[in-house]
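For reference, the structure is listed below as structure tokens.
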Amino acid sequence: MDDADTYIDYVEIEEMFGYFEGDADSRQQRALEYVSAIEESSFADCWSAEEIKDTLQYDYNKLLIAKHVDGNITEVVGYLIYNEIADTTELLRIAVDENHRGRHIGKMLMDSYISLTSGKCEHALLEVRSTNVAARRLYEIEGYEQLTIRKKYYRNPDDDAVIYRKILS
Ligand SMILES: CC(C)(COP(=O)(O)OP(=O)(O)OC[C@H]1O[C@@H](n2cnc3c(N)ncnc32)[C@H](O)[C@@H]1OP(=O)(O)O)[C@@H](O)C(=O)NCCC(=O)NCCS
């Protein structure tokens with residue numbers, strides 16, 4: 001189970017579309033707690049649990065979670081939030097728990113996202129800090145191409161934003 005190749009066999013991706021309208025039930029609430037904890041440890045400019053929940057109340061914003069399932073114990077180890085508006089989908093957030101990185105969970109989330117949006121949208125867009133080597137490499141593996149750069153777009157610390165696009169089939 002500690003072996004990285006075996007570990008990934010126990011990870012599943014789940015769509016949690018439309019789950020957060022109105023009051024979240026206890027299962028949704030637990031997923032939200034995991035997502036918020038990963039968000040907080042992954043981003044300096046993290047979204048609060050309330051901001052995440054508010055975002056997910058709109059039906060054009062969607063959540064995928066990566067679950068590690070071991071017997072009765074299920075742990076959320078990563079998530080991806082995106083929107084679908086007309087012919088365009090935008091990746092809003094992706095993060096993997098820092099203790100579970102480097103095991104292709106980010107790639108599993110991206111593969112599911114691309115497969116869910118292909119056929120419905122024509123373009124997939126995202127923006128990323130220019131210094132975020134891991135995320136940029138992952139996006140390039142997924143077939144995204146650099147579209148443009150927004151100079152000094154990010155603060156804390158200052159950084160350029162790289163805008164990527166993928167044409168979906
Ligand atoms: C970006 C992130 C989601 C990647 O998740 P992950 O599960 O660790 O990534 P994967 O194991 O699926 O890696 C897929 C590929 O991305 C590249 N990659 C991943 N981490 C890397 C790193 N630290 N350095 C360089 N390339 C990296 C590799 O090419 C890797 O494929 P390989 O292992 O076969 O060579 C994760 O690093 C993370 O949560 N970062 C913090 C949040 C963040 O920056 N999100 C993006 C904001 S736009």
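Quick note on naming: the chains in the structure tokens go A, B, ... in the order shown, residues restart at 1 in each chain, and ligands are numbered from 1 in order of appearance.
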Please give the complete set of residues from region 56-115 of chain A that DSSP, run on the backbone, assigns to alpha helix (DSSP H), formatted as a PDB file with N, CA and C atoms, in the first residue's frame.
```pdb
ATOM      1  N   LEU A  56     -19.566  26.965  -5.214  1.00  0.00           N
ATOM      2  CA  LEU A  56     -20.189  25.719  -5.678  1.00  0.00           C
ATOM      3  C   LEU A  56     -21.709  25.786  -5.704  1.00  0.00           C
ATOM      4  N   ILE A 105      -2.099  11.905  -8.825  1.00  0.00           N
ATOM      5  CA  ILE A 105      -3.487  12.255  -8.464  1.00  0.00           C
ATOM      6  C   ILE A 105      -3.901  13.529  -9.210  1.00  0.00           C
ATOM      7  N   GLY A 106      -2.987  14.493  -9.314  1.00  0.00           N
ATOM      8  CA  GLY A 106      -3.277  15.708 -10.097  1.00  0.00           C
ATOM      9  C   GLY A 106      -3.605  15.339 -11.539  1.00  0.00           C
ATOM     10  N   LYS A 107      -2.854  14.405 -12.084  1.00  0.00           N
ATOM     11  CA  LYS A 107      -3.094  13.983 -13.467  1.00  0.00           C
ATOM     12  C   LYS A 107      -4.445  13.264 -13.601  1.00  0.00           C
ATOM     13  N   MET A 108      -4.787  12.447 -12.615  1.00  0.00           N
ATOM     14  CA  MET A 108      -6.104  11.780 -12.647  1.00  0.00           C
ATOM     15  C   MET A 108      -7.233  12.815 -12.633  1.00  0.00           C
ATOM     16  N   LEU A 109      -7.077  13.833 -11.802  1.00  0.00           N
ATOM     17  CA  LEU A 109      -8.107  14.886 -11.731  1.00  0.00           C
ATOM     18  C   LEU A 109      -8.208  15.617 -13.070  1.00  0.00           C
ATOM     19  N   MET A 110      -7.049  15.955 -13.650  1.00  0.00           N
ATOM     20  CA  MET A 110      -7.057  16.673 -14.938  1.00  0.00           C
ATOM     21  C   MET A 110      -7.642  15.795 -16.047  1.00  0.00           C
ATOM     22  N   ASP A 111      -7.286  14.513 -16.074  1.00  0.00           N
ATOM     23  CA  ASP A 111      -7.811  13.604 -17.103  1.00  0.00           C
ATOM     24  C   ASP A 111      -9.341  13.533 -17.008  1.00  0.00           C
ATOM     25  N   SER A 112      -9.872  13.433 -15.775  1.00  0.00           N
ATOM     26  CA  SER A 112     -11.331  13.360 -15.603  1.00  0.00           C
ATOM     27  C   SER A 112     -11.981  14.667 -16.054  1.00  0.00           C
ATOM     28  N   TYR A 113     -11.373  15.774 -15.664  1.00  0.00           N
ATOM     29  CA  TYR A 113     -11.902  17.091 -16.038  1.00  0.00           C
ATOM     30  C   TYR A 113     -11.974  17.243 -17.559  1.00  0.00           C
ATOM     31  N   ILE A 114     -10.881  16.898 -18.240  1.00  0.00           N
ATOM     32  CA  ILE A 114     -10.850  17.046 -19.700  1.00  0.00           C
ATOM     33  C   ILE A 114     -11.875  16.118 -20.338  1.00  0.00           C
ATOM     34  N   SER A 115     -11.979  14.912 -19.821  1.00  0.00           N
ATOM     35  CA  SER A 115     -12.928  13.985 -20.439  1.00  0.00           C
ATOM     36  C   SER A 115     -14.376  14.422 -20.187  1.00  0.00           C
TER      37      SER A 115
END
```
Select from chain A every residue with an atom at most 7 Å from any atom of ligand 1, then for each give the shortest pair of atoms and their distance in Å to one decimal, using only C-alpha atoms and all ligand atoms, rows by chain and rising number, as JSON lines.
```
{"residue": "A:Ser42", "atom": "CA", "partner": "ligand 1", "partner_atom_place_in_ligand_line": "41 (C)", "distance": 4.8}
{"residue": "A:Phe43", "atom": "CA", "partner": "ligand 1", "partner_atom_place_in_ligand_line": "42 (C)", "distance": 6.2}
{"residue": "A:Arg93", "atom": "CA", "partner": "ligand 1", "partner_atom_place_in_ligand_line": "47 (C)", "distance": 6.1}
{"residue": "A:Ile94", "atom": "CA", "partner": "ligand 1", "partner_atom_place_in_ligand_line": "45 (N)", "distance": 4.9}
{"residue": "A:Ala95", "atom": "CA", "partner": "ligand 1", "partner_atom_place_in_ligand_line": "39 (O)", "distance": 3.3}
{"residue": "A:Val96", "atom": "CA", "partner": "ligand 1", "partner_atom_place_in_ligand_line": "39 (O)", "distance": 3.8}
{"residue": "A:Asp97", "atom": "CA", "partner": "ligand 1", "partner_atom_place_in_ligand_line": "39 (O)", "distance": 6.2}
{"residue": "A:Glu98", "atom": "CA", "partner": "ligand 1", "partner_atom_place_in_ligand_line": "39 (O)", "distance": 6.6}
{"residue": "A:His100", "atom": "CA", "partner": "ligand 1", "partner_atom_place_in_ligand_line": "7 (O)", "distance": 6.8}
{"residue": "A:Arg101", "atom": "CA", "partner": "ligand 1", "partner_atom_place_in_ligand_line": "8 (O)", "distance": 3.3}
{"residue": "A:Gly102", "atom": "CA", "partner": "ligand 1", "partner_atom_place_in_ligand_line": "11 (O)", "distance": 3.3}
{"residue": "A:Arg103", "atom": "CA", "partner": "ligand 1", "partner_atom_place_in_ligand_line": "11 (O)", "distance": 4.2}
{"residue": "A:His104", "atom": "CA", "partner": "ligand 1", "partner_atom_place_in_ligand_line": "12 (O)", "distance": 3.0}
{"residue": "A:Ile105", "atom": "CA", "partner": "ligand 1", "partner_atom_place_in_ligand_line": "7 (O)", "distance": 4.0}
{"residue": "A:Gly106", "atom": "CA", "partner": "ligand 1", "partner_atom_place_in_ligand_line": "7 (O)", "distance": 3.5}
{"residue": "A:Lys107", "atom": "CA", "partner": "ligand 1", "partner_atom_place_in_ligand_line": "12 (O)", "distance": 3.7}
{"residue": "A:Met108", "atom": "CA", "partner": "ligand 1", "partner_atom_place_in_ligand_line": "12 (O)", "distance": 6.5}
{"residue": "A:Glu127", "atom": "CA", "partner": "ligand 1", "partner_atom_place_in_ligand_line": "48 (S)", "distance": 6.3}
{"residue": "A:Val128", "atom": "CA", "partner": "ligand 1", "partner_atom_place_in_ligand_line": "48 (S)", "distance": 4.3}
{"residue": "A:Arg129", "atom": "CA", "partner": "ligand 1", "partner_atom_place_in_ligand_line": "48 (S)", "distance": 6.6}
{"residue": "A:Asn132", "atom": "CA", "partner": "ligand 1", "partner_atom_place_in_ligand_line": "44 (O)", "distance": 6.2}
{"residue": "A:Val133", "atom": "CA", "partner": "ligand 1", "partner_atom_place_in_ligand_line": "25 (C)", "distance": 5.6}
{"residue": "A:Ala134", "atom": "CA", "partner": "ligand 1", "partner_atom_place_in_ligand_line": "21 (C)", "distance": 3.7}
{"residue": "A:Ala135", "atom": "CA", "partner": "ligand 1", "partner_atom_place_in_ligand_line": "1 (C)", "distance": 3.8}
{"residue": "A:Arg137", "atom": "CA", "partner": "ligand 1", "partner_atom_place_in_ligand_line": "17 (C)", "distance": 4.9}
{"residue": "A:Leu138", "atom": "CA", "partner": "ligand 1", "partner_atom_place_in_ligand_line": "16 (O)", "distance": 3.8}
{"residue": "A:Ile141", "atom": "CA", "partner": "ligand 1", "partner_atom_place_in_ligand_line": "29 (O)", "distance": 7.0}
```
Residue set, region 4-163 of chain A restricted to strand (DSSP E or B), as a PyMOL selection string
chain A and resi 11-15+61-70+73-85+88-96+118+121+123-129+145-154+159-163
With distances taken over only C-alpha atoms, the candidate from A:Arg27, A:Arg155, A:Lys62, A:Arg136 nearest Leu91 (chain A) is A:Lys62
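Proximity to Asp159 (chain A) was assessed for A:Thr131, A:Ser41, A:Gln146, A:Gln29 counting only C-alpha atoms; the smallest distance is recorded for A:Thr131.
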Between A:Leu147, A:Ala31, A:Ile52, A:Ala44, which one has atoms that come closest to Thr74 (chain A), using only C-alpha atoms?
A:Ala31
Spatial neighbours of Arg165 (chain A), 10 Å, only C-alpha atoms, chain gap at least 5 places, as number ranges by chain
A: 89-90, 123-127, 139-140, 143-148
Using only C-alpha atoms, which residues sit within 9 Å of Lys151 (chain A) once same-chain residues fewer than 3 positions away are excluded, as a PDB file with C-alpha atoms, in the first residue's frame?
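selection_15.pdb written:
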```
ATOM      1  CA  TYR A 154      -0.313  38.003  -8.919  1.00  0.00           C
ATOM      2  CA  ASP A 159       4.391  37.080 -10.243  1.00  0.00           C
ATOM      3  CA  ASP A 160       3.242  37.004 -13.863  1.00  0.00           C
ATOM      4  CA  ALA A 161       0.212  34.938 -14.824  1.00  0.00           C
ATOM      5  CA  VAL A 162       0.563  32.525 -17.725  1.00  0.00           C
TER       6      VAL A 162
END
```
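Separating CA of Pro157 (chain A) from CA of Cys46 (chain A) is a distance of 13.5 Å.
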Which is closest to Leu116 (chain A) among A:Asp9, A:Glu39, A:Glu14, A:Asp45, if we use only C-alpha atoms?
A:Glu14
Enter the distance from CA of Gly119 (chain A) to CA of Leu168 (chain A), in Å, rounded to one decimal.
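It comes out at 7.3 Å.
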Closest to Arg30 (chain A) among A:Glu75, A:Glu50, A:Glu84, A:Asp158, using only C-alpha atoms?
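Looking only at the distances to Arg30 (chain A), the closest residue turns out to be A:Glu75.
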Taken to one decimal, the CA of Asn61 (chain A)-CA of Lys152 (chain A) distance is 26.8 Å
